[in-house]
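The file input_24.cif contains mmCIF, N, CA and C atoms:
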```
data_my_file
#
loop_
_atom_site.label_atom_id
_atom_site.label_comp_id
_atom_site.auth_asym_id
_atom_site.auth_seq_id
_atom_site.Cartn_x
_atom_site.Cartn_y
_atom_site.Cartn_z
N MET Q 172 4.40 25.93 -3.51
CA MET Q 172 5.81 25.59 -3.48
C MET Q 172 6.35 25.57 -4.91
N THR Q 173 7.49 26.19 -5.09
CA THR Q 173 8.09 26.18 -6.42
C THR Q 173 8.90 24.90 -6.60
N GLY Q 174 9.26 24.64 -7.85
CA GLY Q 174 10.03 23.44 -8.14
C GLY Q 174 11.34 23.39 -7.38
N SER Q 175 12.03 24.54 -7.28
CA SER Q 175 13.32 24.54 -6.57
C SER Q 175 13.14 24.34 -5.07
N SER Q 176 12.05 24.88 -4.50
CA SER Q 176 11.83 24.68 -3.06
C SER Q 176 11.44 23.23 -2.77
N ILE Q 177 10.72 22.59 -3.69
CA ILE Q 177 10.38 21.17 -3.52
C ILE Q 177 11.66 20.33 -3.56
N LEU Q 178 12.54 20.62 -4.52
CA LEU Q 178 13.81 19.88 -4.61
C LEU Q 178 14.64 20.08 -3.35
N PHE Q 179 14.67 21.32 -2.82
CA PHE Q 179 15.42 21.60 -1.61
C PHE Q 179 14.84 20.81 -0.44
N HIS Q 180 13.51 20.79 -0.32
CA HIS Q 180 12.84 20.05 0.75
C HIS Q 180 13.15 18.56 0.64
N CYS Q 181 13.07 18.00 -0.56
CA CYS Q 181 13.38 16.58 -0.77
C CYS Q 181 14.83 16.29 -0.40
N SER Q 182 15.74 17.19 -0.75
CA SER Q 182 17.15 17.00 -0.41
C SER Q 182 17.35 16.99 1.09
N LEU Q 183 16.63 17.85 1.82
CA LEU Q 183 16.74 17.87 3.27
C LEU Q 183 16.25 16.56 3.88
N ILE Q 184 15.15 16.03 3.37
CA ILE Q 184 14.63 14.76 3.90
C ILE Q 184 15.61 13.63 3.61
N LYS Q 185 16.18 13.61 2.39
CA LYS Q 185 17.16 12.59 2.06
C LYS Q 185 18.37 12.70 2.97
N LEU Q 186 18.84 13.93 3.20
CA LEU Q 186 19.98 14.15 4.07
C LEU Q 186 19.67 13.70 5.50
N GLU Q 187 18.47 14.01 5.99
CA GLU Q 187 18.08 13.59 7.33
C GLU Q 187 18.06 12.07 7.45
N ALA Q 188 17.52 11.40 6.45
CA ALA Q 188 17.50 9.93 6.46
C ALA Q 188 18.92 9.39 6.44
N PHE Q 189 19.78 10.02 5.66
CA PHE Q 189 21.18 9.61 5.52
C PHE Q 189 21.94 9.81 6.83
N VAL Q 190 21.72 10.94 7.49
CA VAL Q 190 22.41 11.28 8.73
C VAL Q 190 22.09 10.29 9.84
N HIS Q 191 20.88 9.75 9.86
CA HIS Q 191 20.47 8.85 10.93
C HIS Q 191 20.89 7.39 10.69
N MET Q 192 21.69 7.16 9.68
CA MET Q 192 22.14 5.79 9.38
C MET Q 192 23.46 5.50 10.08
N ASP Q 193 23.72 4.20 10.32
CA ASP Q 193 25.03 3.78 10.84
C ASP Q 193 26.07 4.05 9.78
N ILE Q 194 27.28 4.39 10.21
CA ILE Q 194 28.36 4.74 9.28
C ILE Q 194 28.68 3.58 8.33
N GLU Q 195 28.50 2.33 8.81
CA GLU Q 195 28.80 1.18 7.97
C GLU Q 195 27.79 1.02 6.82
N GLU Q 196 26.61 1.60 6.97
CA GLU Q 196 25.54 1.42 5.98
C GLU Q 196 25.52 2.49 4.90
N VAL Q 197 26.19 3.61 5.12
CA VAL Q 197 26.06 4.74 4.19
C VAL Q 197 26.64 4.46 2.81
N ASP Q 198 27.55 3.50 2.69
CA ASP Q 198 28.11 3.16 1.38
C ASP Q 198 27.29 2.09 0.67
N ASN Q 199 26.28 1.56 1.33
CA ASN Q 199 25.46 0.50 0.76
C ASN Q 199 24.21 1.14 0.15
N TYR Q 200 24.10 1.11 -1.17
CA TYR Q 200 22.99 1.74 -1.88
C TYR Q 200 21.64 1.25 -1.37
N ILE Q 201 21.51 -0.05 -1.17
CA ILE Q 201 20.23 -0.62 -0.74
C ILE Q 201 19.84 -0.09 0.63
N SER Q 202 20.81 0.02 1.54
CA SER Q 202 20.52 0.56 2.87
C SER Q 202 20.10 2.02 2.81
N VAL Q 203 20.77 2.80 1.99
CA VAL Q 203 20.42 4.22 1.83
C VAL Q 203 19.02 4.33 1.24
N LYS Q 204 18.75 3.55 0.20
CA LYS Q 204 17.43 3.57 -0.44
C LYS Q 204 16.34 3.20 0.57
N GLU Q 205 16.57 2.15 1.36
CA GLU Q 205 15.58 1.73 2.35
C GLU Q 205 15.34 2.81 3.40
N ALA Q 206 16.42 3.49 3.82
CA ALA Q 206 16.28 4.56 4.82
C ALA Q 206 15.45 5.72 4.27
N ILE Q 207 15.67 6.07 3.00
CA ILE Q 207 14.91 7.16 2.38
C ILE Q 207 13.44 6.76 2.22
N LEU Q 208 13.19 5.54 1.75
CA LEU Q 208 11.81 5.07 1.60
C LEU Q 208 11.10 5.04 2.95
N LYS Q 209 11.80 4.64 3.98
CA LYS Q 209 11.21 4.61 5.33
C LYS Q 209 10.91 6.03 5.79
N LYS Q 210 11.83 6.96 5.55
CA LYS Q 210 11.64 8.35 5.96
C LYS Q 210 10.42 8.95 5.26
N TYR Q 211 10.25 8.65 3.98
CA TYR Q 211 9.10 9.16 3.21
C TYR Q 211 7.84 8.34 3.46
N ASP Q 212 7.96 7.24 4.20
CA ASP Q 212 6.86 6.31 4.44
C ASP Q 212 6.31 5.79 3.10
N ILE Q 213 7.24 5.39 2.24
CA ILE Q 213 6.88 4.84 0.94
C ILE Q 213 6.99 3.32 1.02
N ASN Q 214 5.87 2.65 0.78
CA ASN Q 214 5.84 1.20 0.84
C ASN Q 214 4.79 0.71 -0.15
N LEU Q 215 4.59 -0.60 -0.19
CA LEU Q 215 3.61 -1.15 -1.14
C LEU Q 215 2.23 -0.55 -0.94
N GLU Q 216 1.85 -0.33 0.30
CA GLU Q 216 0.52 0.22 0.57
C GLU Q 216 0.39 1.66 0.06
N SER Q 217 1.45 2.45 0.14
CA SER Q 217 1.36 3.82 -0.37
C SER Q 217 1.21 3.82 -1.89
N TYR Q 218 1.91 2.90 -2.57
CA TYR Q 218 1.74 2.78 -4.03
C TYR Q 218 0.32 2.30 -4.35
N HIS Q 219 -0.17 1.37 -3.55
CA HIS Q 219 -1.53 0.84 -3.73
C HIS Q 219 -2.55 1.97 -3.59
N GLN Q 220 -2.44 2.77 -2.54
CA GLN Q 220 -3.38 3.86 -2.32
C GLN Q 220 -3.31 4.89 -3.44
N ARG Q 221 -2.11 5.21 -3.88
CA ARG Q 221 -1.97 6.17 -4.98
C ARG Q 221 -2.53 5.60 -6.28
N PHE Q 222 -2.36 4.29 -6.51
CA PHE Q 222 -2.91 3.64 -7.69
C PHE Q 222 -4.43 3.72 -7.69
N ARG Q 223 -5.05 3.48 -6.54
CA ARG Q 223 -6.51 3.48 -6.41
C ARG Q 223 -7.12 4.87 -6.29
N SER Q 224 -6.30 5.88 -6.08
CA SER Q 224 -6.81 7.24 -5.94
C SER Q 224 -7.43 7.71 -7.26
N PRO Q 225 -8.61 8.33 -7.20
CA PRO Q 225 -9.25 8.81 -8.43
C PRO Q 225 -8.72 10.16 -8.91
N GLU Q 226 -7.75 10.71 -8.20
CA GLU Q 226 -7.23 12.04 -8.52
C GLU Q 226 -6.37 12.04 -9.78
N VAL Q 227 -6.60 13.03 -10.61
CA VAL Q 227 -5.76 13.28 -11.77
C VAL Q 227 -4.93 14.51 -11.43
N GLU Q 228 -3.63 14.42 -11.61
CA GLU Q 228 -2.75 15.53 -11.26
C GLU Q 228 -3.01 16.72 -12.18
N SER Q 229 -2.87 17.91 -11.62
CA SER Q 229 -3.11 19.14 -12.37
C SER Q 229 -2.22 19.19 -13.61
N GLY Q 230 -2.82 19.42 -14.76
CA GLY Q 230 -2.09 19.52 -16.01
C GLY Q 230 -1.66 18.19 -16.61
N GLU Q 231 -2.05 17.10 -15.99
CA GLU Q 231 -1.66 15.78 -16.48
C GLU Q 231 -2.45 15.42 -17.73
N THR Q 232 -1.75 14.94 -18.75
CA THR Q 232 -2.41 14.52 -19.98
C THR Q 232 -2.93 13.09 -19.81
N PRO Q 233 -3.84 12.64 -20.68
CA PRO Q 233 -4.30 11.25 -20.59
C PRO Q 233 -3.14 10.25 -20.69
N LYS Q 234 -2.17 10.52 -21.53
CA LYS Q 234 -1.01 9.63 -21.68
C LYS Q 234 -0.18 9.62 -20.39
N GLU Q 235 0.02 10.79 -19.79
CA GLU Q 235 0.78 10.86 -18.54
C GLU Q 235 0.06 10.12 -17.41
N LEU Q 236 -1.27 10.23 -17.38
CA LEU Q 236 -2.06 9.49 -16.39
C LEU Q 236 -1.83 8.00 -16.56
N TYR Q 237 -1.90 7.52 -17.79
CA TYR Q 237 -1.68 6.10 -18.08
C TYR Q 237 -0.29 5.67 -17.60
N VAL Q 238 0.73 6.43 -17.93
CA VAL Q 238 2.11 6.09 -17.55
C VAL Q 238 2.24 6.08 -16.03
N ARG Q 239 1.65 7.06 -15.36
CA ARG Q 239 1.72 7.12 -13.89
C ARG Q 239 1.04 5.90 -13.27
N LEU Q 240 -0.15 5.55 -13.78
CA LEU Q 240 -0.86 4.37 -13.25
C LEU Q 240 -0.06 3.09 -13.48
N LYS Q 241 0.54 2.98 -14.65
CA LYS Q 241 1.33 1.79 -14.95
C LYS Q 241 2.53 1.69 -14.01
N GLU Q 242 3.20 2.81 -13.74
CA GLU Q 242 4.34 2.81 -12.82
C GLU Q 242 3.89 2.46 -11.40
N LEU Q 243 2.77 3.03 -10.96
CA LEU Q 243 2.26 2.73 -9.62
C LEU Q 243 1.87 1.26 -9.50
N TYR Q 244 1.25 0.71 -10.55
CA TYR Q 244 0.90 -0.71 -10.57
C TYR Q 244 2.16 -1.57 -10.39
N GLU Q 245 3.20 -1.26 -11.16
CA GLU Q 245 4.45 -2.02 -11.10
C GLU Q 245 5.06 -1.96 -9.71
N LYS Q 246 5.00 -0.79 -9.08
CA LYS Q 246 5.57 -0.63 -7.74
C LYS Q 246 4.71 -1.30 -6.67
N TRP Q 247 3.39 -1.31 -6.88
CA TRP Q 247 2.48 -1.92 -5.91
C TRP Q 247 2.48 -3.44 -6.03
N ILE Q 248 2.21 -3.95 -7.22
CA ILE Q 248 2.07 -5.39 -7.42
C ILE Q 248 3.43 -6.09 -7.54
N GLN Q 249 4.42 -5.41 -8.07
CA GLN Q 249 5.75 -5.98 -8.33
C GLN Q 249 5.61 -7.31 -9.05
N PRO Q 250 5.08 -7.27 -10.29
CA PRO Q 250 4.73 -8.50 -10.99
C PRO Q 250 5.89 -9.38 -11.43
N ARG Q 251 7.09 -8.85 -11.50
CA ARG Q 251 8.23 -9.67 -11.95
C ARG Q 251 8.41 -10.85 -11.02
N GLY Q 252 8.42 -12.03 -11.61
CA GLY Q 252 8.61 -13.24 -10.83
C GLY Q 252 7.34 -13.78 -10.19
N LYS Q 253 6.24 -13.06 -10.35
CA LYS Q 253 4.97 -13.54 -9.79
C LYS Q 253 4.14 -14.18 -10.90
N THR Q 254 3.40 -15.18 -10.52
CA THR Q 254 2.53 -15.83 -11.49
C THR Q 254 1.24 -15.02 -11.63
N VAL Q 255 0.51 -15.28 -12.68
CA VAL Q 255 -0.79 -14.65 -12.88
C VAL Q 255 -1.70 -15.01 -11.70
N LYS Q 256 -1.60 -16.23 -11.24
CA LYS Q 256 -2.42 -16.69 -10.11
C LYS Q 256 -2.11 -15.88 -8.84
N ALA Q 257 -0.83 -15.62 -8.59
CA ALA Q 257 -0.43 -14.86 -7.40
C ALA Q 257 -0.93 -13.42 -7.48
N ILE Q 258 -0.85 -12.82 -8.66
CA ILE Q 258 -1.35 -11.45 -8.85
C ILE Q 258 -2.86 -11.42 -8.67
N ALA Q 259 -3.54 -12.39 -9.24
CA ALA Q 259 -5.00 -12.46 -9.09
C ALA Q 259 -5.38 -12.60 -7.62
N GLU Q 260 -4.63 -13.40 -6.88
CA GLU Q 260 -4.90 -13.59 -5.45
C GLU Q 260 -4.77 -12.27 -4.68
N MET Q 261 -3.77 -11.47 -5.02
CA MET Q 261 -3.60 -10.17 -4.38
C MET Q 261 -4.80 -9.27 -4.63
N ILE Q 262 -5.29 -9.26 -5.86
CA ILE Q 262 -6.41 -8.40 -6.22
C ILE Q 262 -7.69 -8.88 -5.57
N VAL Q 263 -7.90 -10.20 -5.54
CA VAL Q 263 -9.09 -10.76 -4.88
C VAL Q 263 -9.04 -10.45 -3.39
N LEU Q 264 -7.88 -10.59 -2.78
CA LEU Q 264 -7.73 -10.28 -1.35
C LEU Q 264 -8.06 -8.81 -1.09
N GLU Q 265 -7.54 -7.93 -1.93
CA GLU Q 265 -7.83 -6.50 -1.76
C GLU Q 265 -9.33 -6.24 -1.82
N GLN Q 266 -9.99 -6.78 -2.81
CA GLN Q 266 -11.43 -6.55 -2.96
C GLN Q 266 -12.21 -7.18 -1.81
N TYR Q 267 -11.81 -8.37 -1.40
CA TYR Q 267 -12.47 -9.05 -0.29
C TYR Q 267 -12.41 -8.16 0.97
N LEU Q 268 -11.23 -7.64 1.26
CA LEU Q 268 -11.08 -6.81 2.45
C LEU Q 268 -11.92 -5.53 2.37
N ARG Q 269 -12.04 -4.97 1.19
CA ARG Q 269 -12.83 -3.74 1.01
C ARG Q 269 -14.32 -3.99 1.28
N MET Q 270 -14.75 -5.22 1.15
CA MET Q 270 -16.17 -5.54 1.31
C MET Q 270 -16.55 -5.87 2.75
N LEU Q 271 -15.56 -5.96 3.63
CA LEU Q 271 -15.82 -6.25 5.03
C LEU Q 271 -16.16 -4.96 5.79
N SER Q 272 -16.82 -5.10 6.92
CA SER Q 272 -17.10 -3.94 7.76
C SER Q 272 -15.76 -3.34 8.20
N PRO Q 273 -15.72 -2.04 8.49
CA PRO Q 273 -14.45 -1.42 8.91
C PRO Q 273 -13.80 -2.14 10.09
N GLU Q 274 -14.59 -2.53 11.09
CA GLU Q 274 -14.04 -3.20 12.26
C GLU Q 274 -13.42 -4.54 11.89
N LEU Q 275 -14.12 -5.31 11.08
CA LEU Q 275 -13.61 -6.62 10.66
C LEU Q 275 -12.40 -6.45 9.74
N GLN Q 276 -12.45 -5.45 8.89
CA GLN Q 276 -11.33 -5.16 7.99
C GLN Q 276 -10.05 -4.94 8.79
N VAL Q 277 -10.13 -4.10 9.82
CA VAL Q 277 -8.96 -3.81 10.65
C VAL Q 277 -8.45 -5.08 11.32
N TRP Q 278 -9.37 -5.87 11.87
CA TRP Q 278 -8.98 -7.08 12.58
C TRP Q 278 -8.29 -8.07 11.64
N VAL Q 279 -8.85 -8.26 10.45
CA VAL Q 279 -8.26 -9.20 9.49
C VAL Q 279 -6.90 -8.67 9.01
N ARG Q 280 -6.82 -7.37 8.70
CA ARG Q 280 -5.55 -6.80 8.24
C ARG Q 280 -4.44 -6.94 9.30
N GLU Q 281 -4.81 -6.82 10.57
CA GLU Q 281 -3.82 -6.96 11.64
C GLU Q 281 -3.20 -8.36 11.64
N HIS Q 282 -3.92 -9.34 11.12
CA HIS Q 282 -3.42 -10.71 11.06
C HIS Q 282 -2.65 -10.99 9.76
N ASP Q 283 -2.60 -10.01 8.87
CA ASP Q 283 -1.81 -10.05 7.63
C ASP Q 283 -1.96 -11.36 6.85
N PRO Q 284 -3.20 -11.66 6.41
CA PRO Q 284 -3.40 -12.92 5.68
C PRO Q 284 -2.71 -12.88 4.31
N PRO Q 285 -2.04 -13.96 3.94
CA PRO Q 285 -1.35 -13.98 2.64
C PRO Q 285 -2.30 -14.21 1.46
N THR Q 286 -3.49 -14.75 1.73
CA THR Q 286 -4.45 -15.04 0.66
C THR Q 286 -5.85 -14.63 1.08
N ALA Q 287 -6.74 -14.52 0.09
CA ALA Q 287 -8.14 -14.21 0.37
C ALA Q 287 -8.79 -15.37 1.13
N SER Q 288 -8.38 -16.58 0.83
CA SER Q 288 -8.91 -17.75 1.53
C SER Q 288 -8.57 -17.68 3.02
N LYS Q 289 -7.34 -17.31 3.34
CA LYS Q 289 -6.93 -17.17 4.74
C LYS Q 289 -7.69 -16.01 5.39
N ALA Q 290 -7.90 -14.93 4.64
CA ALA Q 290 -8.68 -13.79 5.16
C ALA Q 290 -10.10 -14.22 5.49
N ALA Q 291 -10.69 -15.05 4.63
CA ALA Q 291 -12.05 -15.54 4.86
C ALA Q 291 -12.10 -16.41 6.12
N SER Q 292 -11.08 -17.24 6.31
CA SER Q 292 -11.03 -18.07 7.52
C SER Q 292 -10.92 -17.21 8.77
N LEU Q 293 -10.09 -16.18 8.71
CA LEU Q 293 -9.96 -15.26 9.84
C LEU Q 293 -11.28 -14.55 10.10
N ALA Q 294 -11.95 -14.11 9.03
CA ALA Q 294 -13.24 -13.42 9.17
C ALA Q 294 -14.27 -14.34 9.82
N GLU Q 295 -14.25 -15.61 9.47
CA GLU Q 295 -15.17 -16.58 10.06
C GLU Q 295 -14.96 -16.68 11.57
N VAL Q 296 -13.71 -16.69 12.00
CA VAL Q 296 -13.38 -16.75 13.43
C VAL Q 296 -13.92 -15.50 14.13
N PHE Q 297 -13.70 -14.35 13.53
CA PHE Q 297 -14.16 -13.08 14.10
C PHE Q 297 -15.68 -13.06 14.22
N VAL Q 298 -16.36 -13.43 13.14
CA VAL Q 298 -17.83 -13.42 13.12
C VAL Q 298 -18.39 -14.41 14.14
N ALA Q 299 -17.79 -15.58 14.25
CA ALA Q 299 -18.26 -16.60 15.19
C ALA Q 299 -18.13 -16.12 16.64
N ALA Q 300 -17.15 -15.27 16.90
CA ALA Q 300 -16.92 -14.78 18.26
C ALA Q 300 -17.87 -13.64 18.64
N ARG Q 301 -18.57 -13.09 17.67
CA ARG Q 301 -19.49 -11.98 17.92
C ARG Q 301 -20.90 -12.50 18.12
N ARG Q 302 -21.75 -11.63 18.64
CA ARG Q 302 -23.16 -11.99 18.80
C ARG Q 302 -23.81 -12.16 17.43
N LYS Q 303 -24.75 -13.05 17.35
CA LYS Q 303 -25.47 -13.27 16.09
C LYS Q 303 -26.21 -12.00 15.69
N GLY Q 304 -26.27 -11.78 14.41
CA GLY Q 304 -27.02 -10.64 13.89
C GLY Q 304 -26.21 -9.36 13.74
N GLN Q 305 -24.98 -9.31 14.24
CA GLN Q 305 -24.18 -8.12 14.07
C GLN Q 305 -23.62 -8.09 12.64
N PRO Q 306 -23.59 -6.93 12.01
CA PRO Q 306 -23.12 -6.86 10.62
C PRO Q 306 -21.62 -7.15 10.52
N TRP Q 307 -21.25 -7.84 9.46
CA TRP Q 307 -19.83 -8.13 9.22
C TRP Q 307 -19.37 -7.60 7.87
N SER Q 308 -20.32 -7.30 6.99
CA SER Q 308 -19.92 -6.80 5.67
C SER Q 308 -20.13 -5.30 5.61
N TYR Q 309 -19.43 -4.68 4.69
CA TYR Q 309 -19.53 -3.24 4.51
C TYR Q 309 -20.95 -2.84 4.12
N SER Q 310 -21.58 -3.63 3.24
CA SER Q 310 -22.92 -3.28 2.74
C SER Q 310 -24.00 -3.48 3.80
N SER Q 311 -23.77 -4.35 4.78
CA SER Q 311 -24.79 -4.55 5.79
C SER Q 311 -24.65 -3.59 6.96
N GLU Q 312 -23.66 -2.71 6.91
CA GLU Q 312 -23.46 -1.71 7.97
C GLU Q 312 -24.66 -0.78 8.06
N GLY Q 313 -25.20 -0.37 6.93
CA GLY Q 313 -26.31 0.57 6.92
C GLY Q 313 -27.67 -0.08 7.02
N SER Q 314 -27.73 -1.40 6.91
CA SER Q 314 -29.01 -2.12 6.92
C SER Q 314 -29.61 -2.21 8.29
#
```
Structure translated into structure tokens:
Amino acid sequence: MTGSSILFHCSLIKLEAFVHMDIEEVDNYISVKEAILKKYDINLESYHQRFRSPEVESGETPKELYVRLKELYEKWIQPRGKTVKAIAEMIVLEQYLRMLSPELQVWVREHDPPTASKAASLAEVFVAARRKGQPWSYSSEGS
């Protein structure tokens, strides 16, 4: 895809998102922005996944990689107004969830725990409801 065809495609998606809005909302920048983000399926999780992706874009310089990661971090974590403790809790929660078995991970994520402590409590409930000896962590899946 050439640069102009990508811009044309993006314009079509923006127009489609715009067309499906209520007439009262089209003059509201925030509503238009939200409709476009929804159409593109852009949310905190998409920024998180892109931040964690090991891919380096073709032709990207080390400085450009750094800037891209910093922008993705800002969009994912949204640190303004958050305390260091709150940011640390988000990162601990992310790592905690990654260490759970896929089945337990899905179950805990469906309950949308706000903290790693709450995720651990949910995991305890899940594990207690299962037969003894069944794996609950990612590393014990292969054991």
Practice prompt. Please evaluate the PyMOL selection byres (((chain Q and resi 266-283 and name CA) around 6) and name CA) against the displayed coordinates and give the resulting residues as a list in words.
Written response: Val263, Leu264, Glu265, Pro284, Trp307, Ser308 and Tyr309 of chain Q
Practice prompt. Go ahead and compute the interatomic distance for atom N of Lys256 (chain Q) and atom C of Lys234 (chain Q), in Å to one decimal.
Written response: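 Going from atom N of Lys256 (chain Q) over to atom C of Lys234 (chain Q) covers 27.5 Å.
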Worksheet item: Suppose you want the space between atom C of Pro225 (chain Q) and atom N of Glu242 (chain Q); what is it in Å?
Response: 14.8 Å
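Going from atom C of Ala290 (chain Q) to atom N of Leu243 (chain Q) covers 27.1 Å.
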Item to complete: Excluding Arg223 (chain Q) and any residue of its chain fewer than 2 positions from it, enumerate the residues within 12 Å of it, using only C-alpha atoms, and give them as a VMD selection string.
Response: chain Q and resid 216 to 221 225 to 227 239 to 241 243 to 244 247 262 265 to 266
Let me see the file: selected residues, N, CA and C atoms, as a PDB file, keeping the file's coordinate frame.
```pdb
ATOM      1  N   GLU Q 216       1.850  -0.330   0.300  1.00  0.00           N
ATOM      2  CA  GLU Q 216       0.520   0.220   0.570  1.00  0.00           C
ATOM      3  C   GLU Q 216       0.390   1.660   0.060  1.00  0.00           C
ATOM      4  N   SER Q 217       1.450   2.450   0.140  1.00  0.00           N
ATOM      5  CA  SER Q 217       1.360   3.820  -0.370  1.00  0.00           C
ATOM      6  C   SER Q 217       1.210   3.820  -1.890  1.00  0.00           C
ATOM      7  N   TYR Q 218       1.910   2.900  -2.570  1.00  0.00           N
ATOM      8  CA  TYR Q 218       1.740   2.780  -4.030  1.00  0.00           C
ATOM      9  C   TYR Q 218       0.320   2.300  -4.350  1.00  0.00           C
ATOM     10  N   HIS Q 219      -0.170   1.370  -3.550  1.00  0.00           N
ATOM     11  CA  HIS Q 219      -1.530   0.840  -3.730  1.00  0.00           C
ATOM     12  C   HIS Q 219      -2.550   1.970  -3.590  1.00  0.00           C
ATOM     13  N   GLN Q 220      -2.440   2.770  -2.540  1.00  0.00           N
ATOM     14  CA  GLN Q 220      -3.380   3.860  -2.320  1.00  0.00           C
ATOM     15  C   GLN Q 220      -3.310   4.890  -3.440  1.00  0.00           C
ATOM     16  N   ARG Q 221      -2.110   5.210  -3.880  1.00  0.00           N
ATOM     17  CA  ARG Q 221      -1.970   6.170  -4.980  1.00  0.00           C
ATOM     18  C   ARG Q 221      -2.530   5.600  -6.280  1.00  0.00           C
ATOM     19  N   PRO Q 225      -8.610   8.330  -7.200  1.00  0.00           N
ATOM     20  CA  PRO Q 225      -9.250   8.810  -8.430  1.00  0.00           C
ATOM     21  C   PRO Q 225      -8.720  10.160  -8.910  1.00  0.00           C
ATOM     22  N   GLU Q 226      -7.750  10.710  -8.200  1.00  0.00           N
ATOM     23  CA  GLU Q 226      -7.230  12.040  -8.520  1.00  0.00           C
ATOM     24  C   GLU Q 226      -6.370  12.040  -9.780  1.00  0.00           C
ATOM     25  N   VAL Q 227      -6.600  13.030 -10.610  1.00  0.00           N
ATOM     26  CA  VAL Q 227      -5.760  13.280 -11.770  1.00  0.00           C
ATOM     27  C   VAL Q 227      -4.930  14.510 -11.430  1.00  0.00           C
ATOM     28  N   ARG Q 239       1.650   7.060 -15.360  1.00  0.00           N
ATOM     29  CA  ARG Q 239       1.720   7.120 -13.890  1.00  0.00           C
ATOM     30  C   ARG Q 239       1.040   5.900 -13.270  1.00  0.00           C
ATOM     31  N   LEU Q 240      -0.150   5.550 -13.780  1.00  0.00           N
ATOM     32  CA  LEU Q 240      -0.860   4.370 -13.250  1.00  0.00           C
ATOM     33  C   LEU Q 240      -0.060   3.090 -13.480  1.00  0.00           C
ATOM     34  N   LYS Q 241       0.540   2.980 -14.650  1.00  0.00           N
ATOM     35  CA  LYS Q 241       1.330   1.790 -14.950  1.00  0.00           C
ATOM     36  C   LYS Q 241       2.530   1.690 -14.010  1.00  0.00           C
ATOM     37  N   LEU Q 243       2.770   3.030 -10.960  1.00  0.00           N
ATOM     38  CA  LEU Q 243       2.260   2.730  -9.620  1.00  0.00           C
ATOM     39  C   LEU Q 243       1.870   1.260  -9.500  1.00  0.00           C
ATOM     40  N   TYR Q 244       1.250   0.710 -10.550  1.00  0.00           N
ATOM     41  CA  TYR Q 244       0.900  -0.710 -10.570  1.00  0.00           C
ATOM     42  C   TYR Q 244       2.160  -1.570 -10.390  1.00  0.00           C
ATOM     43  N   TRP Q 247       3.390  -1.310  -6.880  1.00  0.00           N
ATOM     44  CA  TRP Q 247       2.480  -1.920  -5.910  1.00  0.00           C
ATOM     45  C   TRP Q 247       2.480  -3.440  -6.030  1.00  0.00           C
ATOM     46  N   ILE Q 262      -5.290  -9.260  -5.860  1.00  0.00           N
ATOM     47  CA  ILE Q 262      -6.410  -8.400  -6.220  1.00  0.00           C
ATOM     48  C   ILE Q 262      -7.690  -8.880  -5.570  1.00  0.00           C
ATOM     49  N   GLU Q 265      -7.540  -7.930  -1.930  1.00  0.00           N
ATOM     50  CA  GLU Q 265      -7.830  -6.500  -1.760  1.00  0.00           C
ATOM     51  C   GLU Q 265      -9.330  -6.240  -1.820  1.00  0.00           C
ATOM     52  N   GLN Q 266      -9.990  -6.780  -2.810  1.00  0.00           N
ATOM     53  CA  GLN Q 266     -11.430  -6.550  -2.960  1.00  0.00           C
ATOM     54  C   GLN Q 266     -12.210  -7.180  -1.810  1.00  0.00           C
TER      55      GLN Q 266
END
```
Residue rebuild result region 233-241 of chain Q, N, CA, C and O atoms as a compact mmCIF listing (two decimals), keeping the file's coordinate frame:
```txt
# COMPACT_ATOMS: atom_id res chain seq x y z
N PRO Q 233 -3.84 12.64 -20.68
CA PRO Q 233 -4.30 11.25 -20.59
C PRO Q 233 -3.14 10.25 -20.69
O PRO Q 233 -3.12 9.25 -19.97
N LYS Q 234 -2.17 10.52 -21.53
CA LYS Q 234 -1.01 9.63 -21.68
C LYS Q 234 -0.18 9.62 -20.39
O LYS Q 234 0.25 8.55 -19.94
N GLU Q 235 0.02 10.79 -19.79
CA GLU Q 235 0.78 10.86 -18.54
C GLU Q 235 0.06 10.12 -17.41
O GLU Q 235 0.69 9.46 -16.59
N LEU Q 236 -1.27 10.23 -17.38
CA LEU Q 236 -2.06 9.49 -16.39
C LEU Q 236 -1.83 8.00 -16.56
O LEU Q 236 -1.60 7.27 -15.58
N TYR Q 237 -1.90 7.52 -17.79
CA TYR Q 237 -1.68 6.10 -18.08
C TYR Q 237 -0.29 5.67 -17.60
O TYR Q 237 -0.16 4.65 -16.93
N VAL Q 238 0.73 6.43 -17.93
CA VAL Q 238 2.11 6.09 -17.55
C VAL Q 238 2.24 6.08 -16.03
O VAL Q 238 2.84 5.16 -15.45
N ARG Q 239 1.65 7.06 -15.36
CA ARG Q 239 1.72 7.12 -13.89
C ARG Q 239 1.04 5.90 -13.27
O ARG Q 239 1.57 5.27 -12.36
N LEU Q 240 -0.15 5.55 -13.78
CA LEU Q 240 -0.86 4.37 -13.25
C LEU Q 240 -0.06 3.09 -13.48
O LEU Q 240 0.01 2.23 -12.60
N LYS Q 241 0.54 2.98 -14.65
CA LYS Q 241 1.33 1.79 -14.95
C LYS Q 241 2.53 1.69 -14.01
O LYS Q 241 2.84 0.60 -13.50
```
